[in-house]
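Participant: Sharing a structure with you now.
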Amino acid sequence: MTLFYPKPITAKPGDNVILPCQAQNSNNLAGVEWSRRDLEPEYVLLLRDGHIVPEDQQPSFKDRVELQDQQMKNGDVSLILEKVTAADDGTYECRILTHGGERRKRAVETISVINLHVVPAGQTGGHTEDGGKEDGGGKIGSVESAAILSVFAVFLVAAVVGFVIYRKHKQQKIQESYQPPPEQQPV
């Protein structure tokens, strides 16, 4: 089953980012392929039988990528991408290689497809590598926080002003309707 992440993971140049990928059955993992189809060669990281295959790796990713768990325990084949650059913006596919049955064939299965969006420093948007959120669910970014606080402040001021006007109006009506006792009324 392939998991498509609907929102991109967002990073800024220079950040380190984790692209998540989790295989269901870790017992027969033979390797993992992380790739971007828009590149030639397409492999961001290729690991077979416990060894990285550098000959097939896209040169721009050499010495910047590794698996979060090199032993792929519990099926964790998440990719750590270090020192993100604008050129890293794109769609990444995580495929696992499994040992075959009695014929010793290997099977390749796509596990996840993730969009990485690299934004210039100072901008925000999308999900961060730590699972937080900068626009839409989870942690709220500073721009959204400021907007929410501004709206709240406007409502608060309006409520206070409305309450003061209401009290003043009510007090004025009480004064207008007040009739002093007959002995205190002017003659």
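In the structure tokens, each chain is lettered A, B, ... as it comes, each chain's residues begin at 1, and ligands are numbered from 1 in order of appearance.
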Can you pull out the residues contacting Arg37 in chain A? Cut-off 12 Å, using only C-alpha atoms, and skip same-chain residues under 2 positions away; I want them as a PDB file with all heavy atoms, in the first residue's frame.
Facilitator:
```
ATOM      1  N   GLU A  33      14.994   1.930  -1.592  1.00  0.00           N
ATOM      2  CA  GLU A  33      15.326   2.877  -2.658  1.00  0.00           C
ATOM      3  C   GLU A  33      14.594   4.173  -2.376  1.00  0.00           C
ATOM      4  O   GLU A  33      13.366   4.179  -2.261  1.00  0.00           O
ATOM      5  CB  GLU A  33      14.861   2.356  -4.025  1.00  0.00           C
ATOM      6  CG  GLU A  33      15.480   1.072  -4.463  1.00  0.00           C
ATOM      7  CD  GLU A  33      14.884   0.553  -5.773  1.00  0.00           C
ATOM      8  OE1 GLU A  33      13.858   1.103  -6.262  1.00  0.00           O
ATOM      9  OE2 GLU A  33      15.446  -0.413  -6.306  1.00  0.00           O
ATOM     10  N   TRP A  34      15.320   5.256  -2.254  1.00  0.00           N
ATOM     11  CA  TRP A  34      14.737   6.591  -2.203  1.00  0.00           C
ATOM     12  C   TRP A  34      15.099   7.243  -3.527  1.00  0.00           C
ATOM     13  O   TRP A  34      16.276   7.268  -3.911  1.00  0.00           O
ATOM     14  CB  TRP A  34      15.318   7.402  -1.044  1.00  0.00           C
ATOM     15  CG  TRP A  34      14.613   7.161   0.248  1.00  0.00           C
ATOM     16  CD1 TRP A  34      14.971   6.294   1.228  1.00  0.00           C
ATOM     17  CD2 TRP A  34      13.421   7.808   0.705  1.00  0.00           C
ATOM     18  NE1 TRP A  34      14.080   6.359   2.276  1.00  0.00           N
ATOM     19  CE2 TRP A  34      13.115   7.278   1.974  1.00  0.00           C
ATOM     20  CE3 TRP A  34      12.583   8.780   0.154  1.00  0.00           C
ATOM     21  CZ2 TRP A  34      12.012   7.694   2.709  1.00  0.00           C
ATOM     22  CZ3 TRP A  34      11.487   9.187   0.882  1.00  0.00           C
ATOM     23  CH2 TRP A  34      11.203   8.654   2.147  1.00  0.00           C
ATOM     24  N   SER A  35      14.095   7.755  -4.237  1.00  0.00           N
ATOM     25  CA  SER A  35      14.375   8.301  -5.561  1.00  0.00           C
ATOM     26  C   SER A  35      13.535   9.527  -5.871  1.00  0.00           C
ATOM     27  O   SER A  35      12.547   9.819  -5.193  1.00  0.00           O
ATOM     28  CB  SER A  35      14.120   7.228  -6.629  1.00  0.00           C
ATOM     29  OG  SER A  35      12.744   6.871  -6.626  1.00  0.00           O
ATOM     30  N   LEU A  39      15.180  13.238 -11.708  1.00  0.00           N
ATOM     31  CA  LEU A  39      16.639  13.300 -11.711  1.00  0.00           C
ATOM     32  C   LEU A  39      17.227  12.133 -12.499  1.00  0.00           C
ATOM     33  O   LEU A  39      16.601  11.093 -12.645  1.00  0.00           O
ATOM     34  CB  LEU A  39      17.175  13.263 -10.275  1.00  0.00           C
ATOM     35  CG  LEU A  39      16.732  14.380  -9.337  1.00  0.00           C
ATOM     36  CD1 LEU A  39      17.273  14.132  -7.937  1.00  0.00           C
ATOM     37  CD2 LEU A  39      17.191  15.731  -9.855  1.00  0.00           C
ATOM     38  N   GLU A  40      18.442  12.308 -12.953  1.00  0.00           N
ATOM     39  CA  GLU A  40      19.157  11.233 -13.627  1.00  0.00           C
ATOM     40  C   GLU A  40      20.579  11.204 -13.106  1.00  0.00           C
ATOM     41  O   GLU A  40      21.301  12.184 -13.318  1.00  0.00           O
ATOM     42  CB  GLU A  40      19.126  11.453 -15.141  1.00  0.00           C
ATOM     43  CG  GLU A  40      19.705  10.316 -15.953  1.00  0.00           C
ATOM     44  CD  GLU A  40      19.026   8.969 -15.714  1.00  0.00           C
ATOM     45  OE1 GLU A  40      17.787   8.885 -15.674  1.00  0.00           O
ATOM     46  OE2 GLU A  40      19.763   8.007 -15.541  1.00  0.00           O
ATOM     47  N   PRO A  41      21.067  10.211 -12.434  1.00  0.00           N
ATOM     48  CA  PRO A  41      20.298   9.063 -11.986  1.00  0.00           C
ATOM     49  C   PRO A  41      19.265   9.475 -10.936  1.00  0.00           C
ATOM     50  O   PRO A  41      19.435  10.480 -10.262  1.00  0.00           O
ATOM     51  CB  PRO A  41      21.344   8.122 -11.391  1.00  0.00           C
ATOM     52  CG  PRO A  41      22.504   8.986 -11.041  1.00  0.00           C
ATOM     53  CD  PRO A  41      22.450  10.155 -11.962  1.00  0.00           C
ATOM     54  N   GLU A  42      18.243   8.676 -10.817  1.00  0.00           N
ATOM     55  CA  GLU A  42      17.107   9.050  -9.970  1.00  0.00           C
ATOM     56  C   GLU A  42      17.286   8.725  -8.496  1.00  0.00           C
ATOM     57  O   GLU A  42      16.552   9.225  -7.665  1.00  0.00           O
ATOM     58  CB  GLU A  42      15.823   8.393 -10.476  1.00  0.00           C
ATOM     59  CG  GLU A  42      15.757   6.899 -10.243  1.00  0.00           C
ATOM     60  CD  GLU A  42      14.446   6.291 -10.721  1.00  0.00           C
ATOM     61  OE1 GLU A  42      14.059   6.554 -11.878  1.00  0.00           O
ATOM     62  OE2 GLU A  42      13.826   5.570  -9.935  1.00  0.00           O
ATOM     63  N   TYR A  43      18.281   7.914  -8.140  1.00  0.00           N
ATOM     64  CA  TYR A  43      18.399   7.484  -6.740  1.00  0.00           C
ATOM     65  C   TYR A  43      18.996   8.551  -5.838  1.00  0.00           C
ATOM     66  O   TYR A  43      20.089   9.049  -6.067  1.00  0.00           O
ATOM     67  CB  TYR A  43      19.222   6.197  -6.629  1.00  0.00           C
ATOM     68  CG  TYR A  43      18.529   5.029  -7.269  1.00  0.00           C
ATOM     69  CD1 TYR A  43      19.035   4.451  -8.426  1.00  0.00           C
ATOM     70  CD2 TYR A  43      17.348   4.525  -6.734  1.00  0.00           C
ATOM     71  CE1 TYR A  43      18.386   3.384  -9.025  1.00  0.00           C
ATOM     72  CE2 TYR A  43      16.688   3.473  -7.326  1.00  0.00           C
ATOM     73  CZ  TYR A  43      17.210   2.905  -8.475  1.00  0.00           C
ATOM     74  OH  TYR A  43      16.556   1.865  -9.071  1.00  0.00           O
ATOM     75  N   VAL A  44      18.244   8.877  -4.807  1.00  0.00           N
ATOM     76  CA  VAL A  44      18.705   9.765  -3.750  1.00  0.00           C
ATOM     77  C   VAL A  44      19.546   8.938  -2.787  1.00  0.00           C
ATOM     78  O   VAL A  44      20.612   9.353  -2.338  1.00  0.00           O
ATOM     79  CB  VAL A  44      17.499  10.409  -3.024  1.00  0.00           C
ATOM     80  CG1 VAL A  44      17.930  11.186  -1.811  1.00  0.00           C
ATOM     81  CG2 VAL A  44      16.713  11.280  -4.000  1.00  0.00           C
ATOM     82  N   GLN A  58      22.443   9.819  -7.106  1.00  0.00           N
ATOM     83  CA  GLN A  58      22.507  11.169  -7.671  1.00  0.00           C
ATOM     84  C   GLN A  58      23.628  11.917  -6.945  1.00  0.00           C
ATOM     85  O   GLN A  58      23.609  12.012  -5.717  1.00  0.00           O
ATOM     86  CB  GLN A  58      21.152  11.859  -7.486  1.00  0.00           C
ATOM     87  CG  GLN A  58      21.079  13.318  -7.766  1.00  0.00           C
ATOM     88  CD  GLN A  58      21.498  13.703  -9.172  1.00  0.00           C
ATOM     89  OE1 GLN A  58      22.386  14.510  -9.305  1.00  0.00           O
ATOM     90  NE2 GLN A  58      20.874  13.144 -10.179  1.00  0.00           N
ATOM     91  N   GLY A  90      11.080  18.790  -4.521  1.00  0.00           N
ATOM     92  CA  GLY A  90      10.589  17.796  -5.470  1.00  0.00           C
ATOM     93  C   GLY A  90       9.810  16.687  -4.795  1.00  0.00           C
ATOM     94  O   GLY A  90       9.536  16.714  -3.602  1.00  0.00           O
ATOM     95  N   THR A  91       9.458  15.669  -5.597  1.00  0.00           N
ATOM     96  CA  THR A  91       8.676  14.526  -5.136  1.00  0.00           C
ATOM     97  C   THR A  91       9.598  13.327  -4.945  1.00  0.00           C
ATOM     98  O   THR A  91      10.283  12.913  -5.876  1.00  0.00           O
ATOM     99  CB  THR A  91       7.570  14.179  -6.147  1.00  0.00           C
ATOM    100  OG1 THR A  91       6.730  15.329  -6.304  1.00  0.00           O
ATOM    101  CG2 THR A  91       6.728  13.013  -5.667  1.00  0.00           C
ATOM    102  N   TYR A  92       9.594  12.797  -3.734  1.00  0.00           N
ATOM    103  CA  TYR A  92      10.449  11.677  -3.361  1.00  0.00           C
ATOM    104  C   TYR A  92       9.611  10.419  -3.215  1.00  0.00           C
ATOM    105  O   TYR A  92       8.513  10.465  -2.676  1.00  0.00           O
ATOM    106  CB  TYR A  92      11.161  11.972  -2.030  1.00  0.00           C
ATOM    107  CG  TYR A  92      12.163  13.091  -2.138  1.00  0.00           C
ATOM    108  CD1 TYR A  92      11.756  14.416  -2.200  1.00  0.00           C
ATOM    109  CD2 TYR A  92      13.520  12.821  -2.203  1.00  0.00           C
ATOM    110  CE1 TYR A  92      12.679  15.451  -2.316  1.00  0.00           C
ATOM    111  CE2 TYR A  92      14.461  13.843  -2.313  1.00  0.00           C
ATOM    112  CZ  TYR A  92      14.027  15.157  -2.373  1.00  0.00           C
ATOM    113  OH  TYR A  92      14.938  16.166  -2.493  1.00  0.00           O
ATOM    114  N   GLU A  93      10.148   9.307  -3.695  1.00  0.00           N
ATOM    115  CA  GLU A  93       9.477   8.020  -3.555  1.00  0.00           C
ATOM    116  C   GLU A  93      10.339   7.106  -2.705  1.00  0.00           C
ATOM    117  O   GLU A  93      11.557   7.035  -2.887  1.00  0.00           O
ATOM    118  CB  GLU A  93       9.244   7.376  -4.919  1.00  0.00           C
ATOM    119  CG  GLU A  93       8.228   8.108  -5.752  1.00  0.00           C
ATOM    120  CD  GLU A  93       7.910   7.391  -7.052  1.00  0.00           C
ATOM    121  OE1 GLU A  93       8.096   6.153  -7.131  1.00  0.00           O
ATOM    122  OE2 GLU A  93       7.462   8.069  -7.985  1.00  0.00           O
ATOM    123  N   CYS A  94       9.688   6.407  -1.802  1.00  0.00           N
ATOM    124  CA  CYS A  94      10.354   5.418  -0.951  1.00  0.00           C
ATOM    125  C   CYS A  94       9.848   4.052  -1.377  1.00  0.00           C
ATOM    126  O   CYS A  94       8.656   3.782  -1.336  1.00  0.00           O
ATOM    127  CB  CYS A  94      10.013   5.679   0.518  1.00  0.00           C
ATOM    128  SG  CYS A  94      10.562   4.374   1.645  1.00  0.00           S
ATOM    129  N   VAL A 113       5.075   8.342  -1.052  1.00  0.00           N
ATOM    130  CA  VAL A 113       5.410   9.404  -1.989  1.00  0.00           C
ATOM    131  C   VAL A 113       5.252  10.709  -1.222  1.00  0.00           C
ATOM    132  O   VAL A 113       4.183  10.996  -0.681  1.00  0.00           O
ATOM    133  CB  VAL A 113       4.485   9.387  -3.232  1.00  0.00           C
ATOM    134  CG1 VAL A 113       4.806  10.543  -4.158  1.00  0.00           C
ATOM    135  CG2 VAL A 113       4.601   8.042  -3.961  1.00  0.00           C
TER     136      VAL A 113
END
```
Participant: Just the residues within 7 Å of Lys12 in chain A, please, counting only C-alpha atoms, with nothing from its chain fewer than 5 positions along; format it as a list in words.
Facilitator: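 Here the qualifying residues turn out to be Val84, Val118, Val119, Pro120 and Ala121 of chain A.
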Participant: Tell me, as an NGL selection string, which residues lie within 10 Å of Ala87 in chain A, counting only C-alpha atoms; anything in the same chain fewer than 4 positions away does not count.
Facilitator: :A and (13 or 60 or 117-118)
Participant: As an exercise, work out the distance from CA of Asn27 in chain A to CA of Gln70 in chain A in Å and give it to one decimal place.
Facilitator: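 CA of Gln70 in chain A lies at a distance of 14.6 Å from CA of Asn27 in chain A.
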Participant: I'd like the interatomic distance between CA of Lys83 in chain A and CA of Ile18 in chain A, to a tenth of an Å.
Facilitator: 11.5 Å
Participant: To one decimal place in Å, what is the distance between CA of Leu46 in chain A and CA of Arg64 in chain A?
Facilitator: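 We find that CA of Leu46 in chain A and CA of Arg64 in chain A lie 13.1 Å from each other.
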Participant: I'd like the neighbourhood of Ile111 in chain A as a VMD selection string, where a residue qualifies if any of its atoms comes within 12 Å (using only C-alpha atoms), though same-chain residues fewer than 5 positions away should be ignored.
Facilitator: chain A and resid 1 to 5 19 to 25 32 to 35 75 to 78 92 to 97
Participant: Can you write just those residues out, C-alpha atoms, as an mmCIF file, in the first residue's frame?
Facilitator:
```cif
data_model
loop_
_atom_site.group_PDB
_atom_site.id
_atom_site.type_symbol
_atom_site.label_atom_id
_atom_site.label_comp_id
_atom_site.auth_asym_id
_atom_site.auth_seq_id
_atom_site.Cartn_x
_atom_site.Cartn_y
_atom_site.Cartn_z
ATOM 1 C CA MET A 1 0.000 0.000 0.000
ATOM 2 C CA THR A 2 1.455 3.349 -1.032
ATOM 3 C CA LEU A 3 1.020 6.298 1.321
ATOM 4 C CA PHE A 4 0.752 9.662 -0.438
ATOM 5 C CA TYR A 5 1.398 12.587 1.866
ATOM 6 C CA LEU A 19 11.218 12.105 5.013
ATOM 7 C CA PRO A 20 9.155 9.393 6.745
ATOM 8 C CA CYS A 21 8.747 5.890 5.374
ATOM 9 C CA GLN A 22 7.583 2.832 7.287
ATOM 10 C CA ALA A 23 7.500 -0.709 5.888
ATOM 11 C CA GLN A 24 4.786 -2.940 7.332
ATOM 12 C CA ASN A 25 6.850 -6.116 7.508
ATOM 13 C CA VAL A 32 15.402 0.494 0.289
ATOM 14 C CA GLU A 33 15.326 2.877 -2.658
ATOM 15 C CA TRP A 34 14.737 6.591 -2.203
ATOM 16 C CA SER A 35 14.375 8.301 -5.561
ATOM 17 C CA GLY A 75 10.574 -1.296 9.148
ATOM 18 C CA ASP A 76 11.744 2.298 9.669
ATOM 19 C CA VAL A 77 13.344 3.351 6.376
ATOM 20 C CA SER A 78 12.901 7.114 6.848
ATOM 21 C CA TYR A 92 10.449 11.677 -3.361
ATOM 22 C CA GLU A 93 9.477 8.020 -3.555
ATOM 23 C CA CYS A 94 10.354 5.418 -0.951
ATOM 24 C CA ARG A 95 10.425 1.840 -2.211
ATOM 25 C CA ILE A 96 11.398 -1.230 -0.257
ATOM 26 C CA LEU A 97 13.109 -4.311 -1.618
#
```
Participant: Using only C-alpha atoms, which of A:Glu55, A:Glu183, A:Glu82, A:Asp89 sits nearest Arg36 in chain A?
Facilitator: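 Smallest separation from Arg36 in chain A among the options: A:Asp89.
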